[in-house]
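Beneath this line is the structure, given in structure tokens, with notes to follow.
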Amino acid sequence: MSLEELAFLVLAAIAVGTALAALLVRELVHTILWISVFFVALSGIYFLLQADFLGILQLGVYAGAVTILLLFGVMVTRKRIFSREAATGIGPFPLALALVSIVILSGVAAGLPTQPRTVHAYSPAALSEQLFTTDGGWLVLLGLTMLSALAGAIYLVREGRE
Amino acid sequence: MDAVSWTWFLPEAFLLGAALVVFLLDAVGVRKIEAVGAVSVGAVLLALLAVISDLGFDPLGFLSTLPASVIDSGGGSTSLYAFSSLGLVFQGIFLLSALLVALASLSRPSDEAGASVFYGLLLMATLGMMLVAIAADLIFLLIAIEVTGIATYLMVGYTRKDARGLEAAMKFYIIGALSTALSFFGASLLFGAYGSTNFLVLSQGLGGVTESTLALVGYAFLIVGLAFKVTLVPFHAWAVDVYDGAPTDVSAFLAGGTKKMGVFAFFLVFIGPLSILTARAVSCSGSVCVAPYDFRPSVQLTLGVLAILTMTVGNLLALLQKEMKRMLAYSSVSQAGYMMIGIAIGTAPALAGATLQVFAHVFMKAGAFLVVAGVSALGVGPLIAQYRGLGQKRPYLGVAFALLLLSLAGIPLTLGFVSKFVLFSAAVQASTVPGQSFFFWLAVAGLLNSAVSVFYYARVLKVMYMEPPDPAVPLDGPAGDPTAGLGFGRTAAIILAVVAIVGLGIYPQPVLSAIQSAATHFVATGA
Amino acid sequence: MGAFDTLFQWAFLVPLFPLVGFVIVGFFGDRMKKAEYGGWVAVVLSGLAMFVGILIAIGEALSPGTYTDASYTWLNLPGTQSVFSNGFSLVMGTLVDPISALMLVVVNVVGFLVMLYSIAYMHHDQGLPRYYAELSLFLVAMNGLVLSDNLLEFFLFWELVGVCSYFLIGFYYEKPSAASAAKEAFLVTRVGDVLFLLGIFLYFATYATSGGGAGWAASGFKFTNGNTPFLGSLVGSASSPTLTIAGLMMLAGAAGKSAQFPLDVWLPDAMEGPTTVSALIHAATMVAAGVYLLVVVSLFLGFTADDRLAIVAVGGFTTIWAASMALVNTDIKRVVAYSTISQLGYMVLAVGAGFAMVGLYHLFTHAFFKALLFLAAGSVIHAVGTQDLLKMGGLRKSMRVTWIAFFVGAMSLSGIPPFAGFWSKDDVLASVYSQVGAHPLYWPFLLCAFATVFLTAYYIFRAWFLAFDGDGSRDASLPHAHEAPWAMRLPLIVLSGLALVAGLFAFVPSFANLLPGAGVPPTYGTTDLMLSATSVGLGFGGLGLAYLMWGNGRVFTLPADSPLQPFRTVLLRRYYVKDAYDWFGLKAVYGLSRAADFVDQYVIDGTVRGIERAFSQLSDAGRRLQTGVVSDYAAYVVSGLVGLLVFLLWIAPWLVRSVGGG
Amino acid sequence: MSGLVLAQFLGLSAALLGIGLFGILTRRNFILLLIAIEVAINAAVLNFVYFAGFASGPGGVSGQAAAVVVVGLAATEVAVGLAIVLALNRQRGSINVAEASTLRQ
């Protein structure tokens with residue numbers, strides 16, 4: 001087992017574990033903590049894949065902005081921040097559904113080539129070239145979604161005068 | 001790309017410009033519905049004119065004159081968008097649905113809170129739909145869907161004090177976000193399989209890992225993500241609650257407009273010139289030639305099963321509804337099943353049938369929801385039973401609603417009949433090809449379902465015309481004024497819908513030829 | 001052809017006149033000063049339609065032939081691909097040929113007379129504009145159906161006819177029984193309609209490319225191509241399972257509209273509508289449309305031998321099935337309704353045996369005498385305000401015209417010469433008899449038809465005796481009956497005349513052109529004497545039996561406190577023998593009819609109800625799934641995803657491999 | 001650089017997607033639902049990144065571009081989701097999605 005593979009396995013285990021923990025703990029603030037660790041672990045995997053730009057983006061957007069946003073949501077929606085959620089039972093059906101989809105996808109994964117391969121690295125310059133020329137349309141559209149999100153979300157949370 | 005000039009984007013520019021103007025007006029405190037509504041209706045009309053002129057304004061068989069270079073222009077292996085004649089037809093359809101809703105909403109209370117946000121979001125949602133119609137790349141398509149998605153989540157909840165609207169927005173958002181996650185997951189698997197998300201590359205099956213199972217799984221995820229928009233069973237449950245809880249004009253837009261965006265997305269991914277269902281050549285790199293795995297029969301079978309499931313479940317549930325909006329919502333689900341018949345078959349006539357069904361459904365379903373909105377503004381409750389005597393008290397409104405429902409039921413002399421006729425006959429015709437007898441059963445299922453659907457539409461007619469009016473509900477307007485209580489905008493929208501339904505039901509040939517020619521181009525090019 | 005082409009070009013006027021009536025009455029009827037004015041508008045316009053219809057029929061009689069008007073292509077689906085190389089069209093056009101001319105006469109004469117009759121009969125009802133508008137629309141649809149020049153147009157009008165029937169049965173919608181009868185009629189005929197449409201699909205799939213020129217489908221399902229049957233030669237020889245199934249689908253459609261077994265349940269209940277509607281729609285015209293369909297299909301498309309056996313079986317069995325149920329019924333309209341089903345059975349029988357024209361001949365005569373019976377019954381109901389035969393009686397004194405009219409109708413129905421029904425019924429029997437040599441399986445159904453002649457005469461005269469014979473009404477609370485006003489008497493008199501002579505029309509040479517009886521073995525009227533004698537004998541037998549049992553007001557139960565009671569008891573004792581005969585001799589017949597009733601009530605209704613219940617349970621389950629909790633909806637999405645993955649990855653490829661093709 | 005195994009990455013993203021779906025199906029707190037959806041979307045992002053990394057041609061960079069766009073889109077969605085959370089909270093005083101179930105049948 002190569003060093004990279006070992007690193008990958010460790011990071012993957014952390015990601016899976018923190019994702020599960022985030023969804024299972026009963027204290028919402030702890031959830032936020034676990035999910036931020038999850039984002040960091042994923043960013044580690046991106047660095048491992050030599051996608052440096054994405055690793056940084058993951059840290060900035062997810063581990064930073066989204067986590068703060070979620071924390072903010074938690075703070076606004078409850079009187080006492082550190083209060084435990086009521087326990088919700090986990091039905092066998094959702095569990096089975098999730099497991100079946102994992103099994104099917106893993107089956108597909110098992111059909112993929114299993115020999116280790118080299119990872120291509122792309123320079124941030126190449127990436128931005130791609131983002132702003134060939135795939136520029138994506139960014140334009142992303143901007144459009146942000147425009148309506150901005151206008152609509154602000155209106156929704158603004159205290160109405162009516 | 002060379003044939004595409006910036007003028008092709010004029011419709012989108014009108015919409016975006018108007019949306020910005022509306023948001024700016026909101027920011028400076030101009031929020032009267034007359035002002036923002038006028039800007040929006042004007043922009044939609046301008047965009048519609050631009051699309052029509054793109055199609056080459058020639059009402060009798062105009063699409064056949066469209067230069068071939070324009071069709072499919074830009075469909076290269078790296079381009080994100082491509083113009084096809086069918087895409088332009090769909091742009092027209094999307095704009096018509098936006099026009100109906102924008103017109104009708106003019107009749108809402110003049111100082112209603114959030115009017116400017118509503119109109120701005122309506123324009124943004126329409127813009128997203130317009131972009132879907134020209135997508136040539138999977139990611140482009142999915143983000144364009146998301147442009148519409150985000151705008152519509154917020155439209156559903158824009159009456160922020162209304163508990164029902166907010167609950168609907170919450171459900172819409174959660175299921176929508178789940179579908180987004182699944183579609184992007186599917187797109188990522190397709191990217192893994194083919195090394196690109198461009199439709200041309202996908203259709204040729206070149207590149208990357210070239211693992212057909214991976215691609216097939218990706219397509220399955222994509223079907224789920226798109227089925228959410230088209231409200232196929234079992235991905236439909238949100239739609240009924242959302243159509244029910246949303247402000248009725250928004251329901252009209254969702255059922256009459258955004259659902260069609262999903263249909264066209266199916267066209268692009270599964271039927272179009274650059275889709276997996278087009279016959280794919282053996283791909284050769286160097287001396288090694290590989291015949292790609294043929295998805296066609298399996299995917300067609302799957303889509304056909306989904307179509308049958310959707311029609312049947314939608315109809316059965318519509319039968320038992322007591323509330324008007326929920327009945328219309330379930331009927332909308334079942335109508336999506338008819339559209340899926342055309343997608344499953346994928347021949348040019350079937351595609352024309354599905355497009356015609358989409359076209360008709362804009363008018364009939366949006367029109368019906370707009371009538372419901374108008375009727376509830378008159379003080380009538382949500383139950384079907386509360387519509388009793390409407391036909392006698394408000395003869396014009398009653399006739400309009402009756403015609404829209406008859407069209408939904410597929411009664412002759414309405415556009416709904418024409419579209420079903422074209423669709424089912426295309427299915428029967430396609431079934432005559434050896435090995436495709438399955439399609440005959442699609443037609444049979446569609447037929448049986450439309451027979452069932454007559455019952456719940458007829459029930460409304462019966463209530464409207466055969467039961468005495470409720471004296472408690474003051475349906476009477478001032479004598480002799482058929483628009484009393486409806487307002488100019490809503491009246492205009494309803495008249496537009498009814499005239500289109502009946503006029504094109506009696507004389508459908510121009511639209512039919514145009515759509516057929518577009519559909520033929522769409523299927524034939526790139527083959 | 002030739003000189004009359006100009007006349008036939010105006011055939012579209014026949015449906016157009018009632019359409020104008022529909023528009024005027026439908027939209028402005030409510031604003032007219034008096035509700036009757038709308039009625040008169042409808043009467044005048046249907047009279048105009050009758051005038052044009054009769055002109056066309058005279059034209060066809062003088063110069064028989066097929067005339068197709070320049071038609072309007074409503075929808076054209078051009079060929080685009082290999083699978084759609086010929087395309088096809090939905091064409092609206094008019095086709096005038098002898099049989100459609102004949103049908104025009106039937107529809108418009110009865111239609112006009114019924115409209116006129118309604119002026120007086122419906123006088124007291126609410127919602128008259130709606131009534132006349134719907135009746136006018138029905139005439140539009142029926143004339144359109146008759147004049148259709150292709151199968152698809154035929155189907156469209158066929159559906160419109162069904163819709164009008166639905167609304168007219170439910171005319172008294174405040175009455176729950178009327179509303180449910182309308183629903184039932186709609187449901188049951190809809191089964192036939194859907195199967196009919198499937199049959200069209202099958203023909204479409206079979207003949208998309210064959211059938212002359214660019215293919216039958218390509219030229220819009222046209223019935224004719226000039227003077228010769230379009231597909232006649234092509235199908236006549238062919239015998240394939242597909243064609244047989246398509247033919248059976250046509251039979252199913254016809255059975256739904258014409259109330260043939262097992263789709264006959266709705267017609268008796270449809271009597272909940274106004275009696276005028278029963279006369280026009282559920283006796284003379286709409287129910288005959290099913291027979292007309294079979295005639296048209298057998299002439300222009302052709303049935304396979306298996307189809308014909310099925311048609312004979314359905315028609316033959318229906319004759320006795322319905323007649324047996326009429327034996328015990330005491331509702332005057334229902335008795336007549338059962339007789340309609342039974343007579344339609346004769347028509348179907350004849351078409352199945354290969355004599356479409358004979359079936360049409362019976363349709364023609366039946367339309368008049370059955371409309372007559374219904375209108376006479378309506379006149380009775382109008383006078384006494386009840387439909388219960390046991391309450392009536394003695395009406396012959398106060399209602400001479402009606403009495404005679406009902407008698408003429410009953411004689412005609414019983415097939416007694418020289419009334420109209422005799423000629424056509426005899427022809428039916430003779431033509432089926434001519435086929436039993438070649439098709440021994442036809443025998444039982446021929447016997448059914450013969451037995452039914454006896455039963456028919458019995459039950460219709462039972463009704464006649466019960467209503468008109470005797471000294472007075474058995475229910476003292478009934479109002480004193482008066483003869484109907486002239487607007488009701490005139491149609492009765494005209495129809496009586498027609499019921500008397502319509503059968504003889506076939507001997508008028510030029511009229512016979514409308515019934516090109518090519519291939520009918522016995523020429524009209526000169527039937528094999530044995531057959532005629534048998535059927536007339538049976539008819540008289542039934543009549544006699546009815547007289548013995550019910551004549552002179554017998555079986556007359558009076559209230560116990562009546563001062564006439566002792567006198568009555570004596571009369572009743574006189575007929576004790578007849579009661580015994582009832583008890584023993586007719587037990588089998590009663591048993592049969594009870595069994596029929598049992599099947600009708602429990603098996604068929606039960607099935608219908610069972611299906612309804614299954615549907616509602618399904619829907620309930622569906623509604624329970626709509627929990628309102630978004631997590632459940634997400635669960636459906638994920639289950640759908642898993643299901644889709646399994647289907648797409650394993651099941652669909654397996655199905656494709658094992659079945660071959662998508 | 002000895003390399004990594006492609007199949008393992010798909011296994012990881014499958015697990016993340018499954019966990020996300022599981023969370024969406026079982027959690028009732030709107031914020032937890034948002035988090036579950038983020039986990040599922042991150043599975044897609046991970047797919048894009050490693051497929052881009054393992055792609056043979058030069059087109060692979062567009063996979064990373066797609067990942068960037070999806071990250072942006074997901075953040076936008078979270079913002080909209082939070083707006084709905086806040087409005088819902090103000091309206092009902094609760095962000096339990098199971099309690100908002102008046103629209104049904």
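In the structure tokens, the first chain shown is A, the next is B, and so on; residue numbers restart at 1 for each chain, and ligands run from 1 in the order shown.
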Give me, as a ChimeraX atom specification, the residues of chain B touching chain C, with the criterion being at most 7 Å (counting only C-alpha atoms). /B:171,175,217,220-221,224,234-235,237-238,297-302,316-317,320,428-430,432-433,435-436,438,448,466,507-509
File of the preceding selection, C-alpha atoms, as a PDB file, in the first residue's frame:
ATOM      1  CA  LYS B 171     -41.274  20.766   0.547  1.00  0.00           C
ATOM      2  CA  ILE B 175     -37.188  17.549  -2.782  1.00  0.00           C
ATOM      3  CA  VAL B 217     -26.085   4.371 -13.662  1.00  0.00           C
ATOM      4  CA  ALA B 220     -30.562   6.480 -14.085  1.00  0.00           C
ATOM      5  CA  PHE B 221     -29.633   9.248 -11.665  1.00  0.00           C
ATOM      6  CA  VAL B 224     -34.571  10.717 -11.347  1.00  0.00           C
ATOM      7  CA  PRO B 234     -43.031   8.074  -7.876  1.00  0.00           C
ATOM      8  CA  PHE B 235     -41.181  11.398  -7.926  1.00  0.00           C
ATOM      9  CA  ALA B 237     -45.548  13.520  -4.378  1.00  0.00           C
ATOM     10  CA  TRP B 238     -44.171  17.009  -3.803  1.00  0.00           C
ATOM     11  CA  PRO B 297     -34.122  -0.462 -25.747  1.00  0.00           C
ATOM     12  CA  SER B 298     -33.562  -0.519 -22.001  1.00  0.00           C
ATOM     13  CA  VAL B 299     -33.982   3.206 -21.605  1.00  0.00           C
ATOM     14  CA  GLN B 300     -37.058   3.232 -23.804  1.00  0.00           C
ATOM     15  CA  LEU B 301     -38.579   0.430 -21.801  1.00  0.00           C
ATOM     16  CA  THR B 302     -37.831   2.225 -18.539  1.00  0.00           C
ATOM     17  CA  LEU B 316     -56.549   7.222 -10.073  1.00  0.00           C
ATOM     18  CA  LEU B 317     -55.622   9.753  -7.439  1.00  0.00           C
ATOM     19  CA  LEU B 320     -60.810  10.857  -5.528  1.00  0.00           C
ATOM     20  CA  VAL B 428     -49.480   2.936 -32.843  1.00  0.00           C
ATOM     21  CA  GLN B 429     -47.482   3.729 -35.943  1.00  0.00           C
ATOM     22  CA  ALA B 430     -44.194   3.138 -34.157  1.00  0.00           C
ATOM     23  CA  THR B 432     -45.774  -1.529 -36.342  1.00  0.00           C
ATOM     24  CA  VAL B 433     -42.007  -1.785 -36.532  1.00  0.00           C
ATOM     25  CA  GLY B 435     -39.811  -5.745 -32.118  1.00  0.00           C
ATOM     26  CA  GLN B 436     -41.501  -2.594 -30.878  1.00  0.00           C
ATOM     27  CA  PHE B 438     -44.447  -2.543 -26.602  1.00  0.00           C
ATOM     28  CA  LEU B 448     -57.554   3.841 -21.179  1.00  0.00           C
ATOM     29  CA  MET B 466     -76.133  20.737 -12.870  1.00  0.00           C
ATOM     30  CA  TYR B 507     -57.638  24.582 -37.060  1.00  0.00           C
ATOM     31  CA  PRO B 508     -54.446  22.970 -35.768  1.00  0.00           C
ATOM     32  CA  GLN B 509     -52.643  22.429 -39.025  1.00  0.00           C
TER      33      GLN B 509
END
For chain D, work out the contacting residues on chain A at 7 Å, counting only C-alpha atoms, and write them as a VMD selection string. chain A and resid 2 4 to 5 12 16 20 23 49 54 66 73 77 90 94 to 95 98 to 99 101 to 102 105 to 106 109 to 110 112 to 122 127 130 to 131 138 to 139 142 146 149 153 156 to 157
Would you put the residues from that selection into a file with C-alpha atoms, as a PDB file, in the first residue's frame?
ATOM      1  CA  SER A   2       1.398   3.290  -1.080  1.00  0.00           C
ATOM      2  CA  GLU A   4      -1.053   8.079  -1.015  1.00  0.00           C
ATOM      3  CA  GLU A   5      -3.400   5.168  -0.734  1.00  0.00           C
ATOM      4  CA  ALA A  12     -11.994   8.659   3.587  1.00  0.00           C
ATOM      5  CA  VAL A  16     -17.444   8.906   6.372  1.00  0.00           C
ATOM      6  CA  LEU A  20     -22.304   9.991  10.002  1.00  0.00           C
ATOM      7  CA  LEU A  23     -26.175  13.454  11.118  1.00  0.00           C
ATOM      8  CA  LEU A  49      -5.816  14.370  -5.946  1.00  0.00           C
ATOM      9  CA  LEU A  54     -10.573  22.875  -5.294  1.00  0.00           C
ATOM     10  CA  VAL A  66     -21.274  27.328   4.621  1.00  0.00           C
ATOM     11  CA  GLY A  73     -29.118  29.271  11.138  1.00  0.00           C
ATOM     12  CA  THR A  77     -33.774  29.241  15.146  1.00  0.00           C
ATOM     13  CA  ILE A  90     -34.501   5.590  12.481  1.00  0.00           C
ATOM     14  CA  PRO A  94     -34.690   4.526   5.107  1.00  0.00           C
ATOM     15  CA  LEU A  95     -31.705   2.595   6.383  1.00  0.00           C
ATOM     16  CA  ALA A  98     -29.538   4.029   1.831  1.00  0.00           C
ATOM     17  CA  LEU A  99     -27.712   0.717   2.167  1.00  0.00           C
ATOM     18  CA  SER A 101     -28.065   2.450  -3.002  1.00  0.00           C
ATOM     19  CA  ILE A 102     -24.594   2.205  -1.491  1.00  0.00           C
ATOM     20  CA  LEU A 105     -23.029   1.953  -6.458  1.00  0.00           C
ATOM     21  CA  SER A 106     -20.254  -0.047  -4.840  1.00  0.00           C
ATOM     22  CA  ALA A 109     -17.313   0.742  -8.415  1.00  0.00           C
ATOM     23  CA  ALA A 110     -16.079  -2.824  -8.223  1.00  0.00           C
ATOM     24  CA  LEU A 112     -13.926  -0.091 -12.432  1.00  0.00           C
ATOM     25  CA  PRO A 113     -10.214  -0.636 -13.075  1.00  0.00           C
ATOM     26  CA  THR A 114      -8.481  -1.546  -9.819  1.00  0.00           C
ATOM     27  CA  GLN A 115      -4.860  -0.948 -10.703  1.00  0.00           C
ATOM     28  CA  PRO A 116      -3.373   2.226  -9.249  1.00  0.00           C
ATOM     29  CA  ARG A 117      -3.207   5.099 -11.695  1.00  0.00           C
ATOM     30  CA  THR A 118      -1.426   8.372 -11.903  1.00  0.00           C
ATOM     31  CA  VAL A 119      -3.360  11.505 -11.177  1.00  0.00           C
ATOM     32  CA  HIS A 120      -3.272  14.421 -13.589  1.00  0.00           C
ATOM     33  CA  ALA A 121      -2.671  17.757 -12.060  1.00  0.00           C
ATOM     34  CA  TYR A 122      -4.108  20.885 -13.607  1.00  0.00           C
ATOM     35  CA  LEU A 127      -8.570  25.745 -14.603  1.00  0.00           C
ATOM     36  CA  GLN A 130     -11.345  26.710 -18.743  1.00  0.00           C
ATOM     37  CA  LEU A 131     -13.758  28.403 -16.370  1.00  0.00           C
ATOM     38  CA  TRP A 138     -21.520  27.784 -16.451  1.00  0.00           C
ATOM     39  CA  LEU A 139     -20.323  30.719 -14.434  1.00  0.00           C
ATOM     40  CA  LEU A 142     -24.275  30.367 -11.668  1.00  0.00           C
ATOM     41  CA  MET A 146     -27.185  33.832  -7.289  1.00  0.00           C
ATOM     42  CA  ALA A 149     -31.317  33.726  -4.673  1.00  0.00           C
ATOM     43  CA  ALA A 153     -33.922  35.237  -0.046  1.00  0.00           C
ATOM     44  CA  LEU A 156     -38.170  36.223   2.348  1.00  0.00           C
ATOM     45  CA  VAL A 157     -36.287  37.002   5.550  1.00  0.00           C
TER      46      VAL A 157
END
Grab the CA of Asp149 in chain C to CA of Val91 in chain C distance for me, in Å with one decimal place.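 Calculated distance between CA of Asp149 in chain C and CA of Val91 in chain C is 8.3 Å.
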Secondary structure check, strand (DSSP E) residues of range 222-368 of chain C, as number ranges by chain: C: 224-225, 228-229
Residues from the last selection, all heavy atoms, saved as a PDB file, in the first residue's frame:
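result.pdb, written as the output of this step:
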ATOM      1  N   THR C 224     -65.045   4.717 -48.370  1.00  0.00           N
ATOM      2  CA  THR C 224     -65.114   4.356 -49.780  1.00  0.00           C
ATOM      3  C   THR C 224     -64.049   5.090 -50.548  1.00  0.00           C
ATOM      4  O   THR C 224     -63.489   6.071 -50.099  1.00  0.00           O
ATOM      5  CB  THR C 224     -66.464   4.749 -50.391  1.00  0.00           C
ATOM      6  OG1 THR C 224     -66.596   6.153 -50.269  1.00  0.00           O
ATOM      7  CG2 THR C 224     -67.587   4.048 -49.696  1.00  0.00           C
ATOM      8  N   ASN C 225     -63.800   4.576 -51.691  1.00  0.00           N
ATOM      9  CA  ASN C 225     -62.840   5.199 -52.581  1.00  0.00           C
ATOM     10  C   ASN C 225     -63.532   5.279 -53.935  1.00  0.00           C
ATOM     11  O   ASN C 225     -63.285   4.497 -54.822  1.00  0.00           O
ATOM     12  CB  ASN C 225     -61.581   4.346 -52.644  1.00  0.00           C
ATOM     13  CG  ASN C 225     -60.521   4.998 -53.474  1.00  0.00           C
ATOM     14  OD1 ASN C 225     -60.605   6.180 -53.752  1.00  0.00           O
ATOM     15  ND2 ASN C 225     -59.551   4.213 -53.884  1.00  0.00           N
ATOM     16  N   THR C 228     -66.532   1.885 -55.224  1.00  0.00           N
ATOM     17  CA  THR C 228     -66.356   0.522 -54.730  1.00  0.00           C
ATOM     18  C   THR C 228     -65.915   0.564 -53.275  1.00  0.00           C
ATOM     19  O   THR C 228     -65.214   1.470 -52.867  1.00  0.00           O
ATOM     20  CB  THR C 228     -65.261  -0.191 -55.543  1.00  0.00           C
ATOM     21  OG1 THR C 228     -64.121   0.669 -55.575  1.00  0.00           O
ATOM     22  CG2 THR C 228     -65.741  -0.470 -56.941  1.00  0.00           C
ATOM     23  N   PRO C 229     -66.317  -0.429 -52.529  1.00  0.00           N
ATOM     24  CA  PRO C 229     -65.814  -0.512 -51.156  1.00  0.00           C
ATOM     25  C   PRO C 229     -64.301  -0.492 -51.138  1.00  0.00           C
ATOM     26  O   PRO C 229     -63.657  -1.173 -51.937  1.00  0.00           O
ATOM     27  CB  PRO C 229     -66.364  -1.847 -50.664  1.00  0.00           C
ATOM     28  CG  PRO C 229     -67.562  -2.071 -51.480  1.00  0.00           C
ATOM     29  CD  PRO C 229     -67.279  -1.456 -52.824  1.00  0.00           C
TER      30      PRO C 229
END
Residues of chain D in alpha helix (DSSP H) according to DSSP, as a PyMOL selection string? chain D and resi 6-26+30-54+61-92
Dump as an NGL selection string the residues of chain B that approach chain A to within 8 Å, counting only C-alpha atoms. :B and (23 or 78-80 or 113-114 or 117 or 120-121 or 124 or 139-140 or 143-144 or 146-148 or 150-151 or 154-155 or 157-158 or 160 or 211 or 213-214)
Please dump the current selection as a PDB file, in the first residue's frame; keep C-alpha atoms.
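Saved as selection.pdb:
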ATOM      1  CA  PHE B  23     -35.237  44.369  -8.775  1.00  0.00           C
ATOM      2  CA  THR B  78     -16.980  21.792 -26.495  1.00  0.00           C
ATOM      3  CA  SER B  79     -19.853  24.192 -26.929  1.00  0.00           C
ATOM      4  CA  LEU B  80     -22.354  24.713 -24.165  1.00  0.00           C
ATOM      5  CA  ALA B 113     -46.408  43.007  -0.869  1.00  0.00           C
ATOM      6  CA  GLY B 114     -43.750  41.286  -2.840  1.00  0.00           C
ATOM      7  CA  VAL B 117     -40.029  40.184  -6.194  1.00  0.00           C
ATOM      8  CA  GLY B 120     -38.520  39.497 -10.912  1.00  0.00           C
ATOM      9  CA  LEU B 121     -38.389  35.851  -9.950  1.00  0.00           C
ATOM     10  CA  MET B 124     -35.560  34.826 -13.814  1.00  0.00           C
ATOM     11  CA  ILE B 139     -23.807  20.865 -16.698  1.00  0.00           C
ATOM     12  CA  PHE B 140     -25.148  23.861 -18.572  1.00  0.00           C
ATOM     13  CA  ILE B 143     -27.484  24.809 -13.882  1.00  0.00           C
ATOM     14  CA  ALA B 144     -30.083  26.343 -16.167  1.00  0.00           C
ATOM     15  CA  GLU B 146     -31.319  25.330 -11.210  1.00  0.00           C
ATOM     16  CA  VAL B 147     -31.750  28.972 -12.263  1.00  0.00           C
ATOM     17  CA  THR B 148     -35.419  28.202 -12.662  1.00  0.00           C
ATOM     18  CA  ILE B 150     -34.123  28.580  -7.155  1.00  0.00           C
ATOM     19  CA  ALA B 151     -36.427  31.229  -8.559  1.00  0.00           C
ATOM     20  CA  LEU B 154     -38.780  31.440  -3.703  1.00  0.00           C
ATOM     21  CA  MET B 155     -41.866  32.188  -5.805  1.00  0.00           C
ATOM     22  CA  GLY B 157     -42.893  31.049  -0.641  1.00  0.00           C
ATOM     23  CA  TYR B 158     -43.087  34.702  -1.604  1.00  0.00           C
ATOM     24  CA  ARG B 160     -44.072  34.872   3.433  1.00  0.00           C
ATOM     25  CA  GLU B 211     -17.557   2.008 -18.800  1.00  0.00           C
ATOM     26  CA  THR B 213     -22.428   0.433 -16.601  1.00  0.00           C
ATOM     27  CA  LEU B 214     -21.113   3.654 -15.142  1.00  0.00           C
TER      28      LEU B 214
END
Would you compute the distance between CA of Ala163 in chain B and CA of Arg104 in chain D? Give it in Å to one decimal.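 One can read the CA of Ala163 in chain B to CA of Arg104 in chain D distance as 13.9 Å.
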Mind checking which residues fall within 12 Å of Ile411 in chain B, counting only C-alpha atoms, ignoring those fewer than 2 positions away in the same chain, and posting them as a PyMOL selection string? (chain B and resi 402-409+413-421+450-451+453-454+457-458+501-502+505-506) or (chain C and resi 155-157+159-160+163)
Using only C-alpha atoms, find the residues of chain D whose closest atom to chain B is at most 6 Å away, then write them as an mmCIF file with C-alpha atoms, in the first residue's frame.
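As written to disk, out.cif reads:
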data_model
loop_
_atom_site.group_PDB
_atom_site.id
_atom_site.type_symbol
_atom_site.label_atom_id
_atom_site.label_comp_id
_atom_site.auth_asym_id
_atom_site.auth_seq_id
_atom_site.Cartn_x
_atom_site.Cartn_y
_atom_site.Cartn_z
ATOM 1 C CA ILE D 41 -23.750 17.076 -3.227
ATOM 2 C CA ALA D 44 -20.952 14.543 -6.705
ATOM 3 C CA ASN D 47 -16.764 12.410 -8.346
ATOM 4 C CA PHE D 48 -15.992 15.332 -10.620
ATOM 5 C CA PHE D 51 -12.696 11.690 -12.575
ATOM 6 C CA ALA D 55 -9.058 11.496 -17.097
ATOM 7 C CA ALA D 100 -45.329 21.198 8.565
ATOM 8 C CA LEU D 103 -50.997 19.921 2.861
#
What is the CA of Phe253 in chain B to CA of Ala366 in chain B distance in Å?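 Result for CA of Phe253 in chain B versus CA of Ala366 in chain B: 6.5 Å, one decimal.
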Quick one: residues within 8 Å of range 329-333 of chain B, only C-alpha atoms counted, chain neighbours fewer than 2 positions away excluded, as a PyMOL selection string? chain B and resi 230-233+236+239-240+243-244+255+310-311+314-315+317-318+325-327+335-337+365+453
Give me the residues within 9 Å of Phe94 in chain B as JSON, numbers by chain, counting only C-alpha atoms and dropping any in the same chain fewer than 4 places off. {"B": [89, 90, 98, 99, 126, 129, 130, 256, 257, 258, 260, 261, 362]}
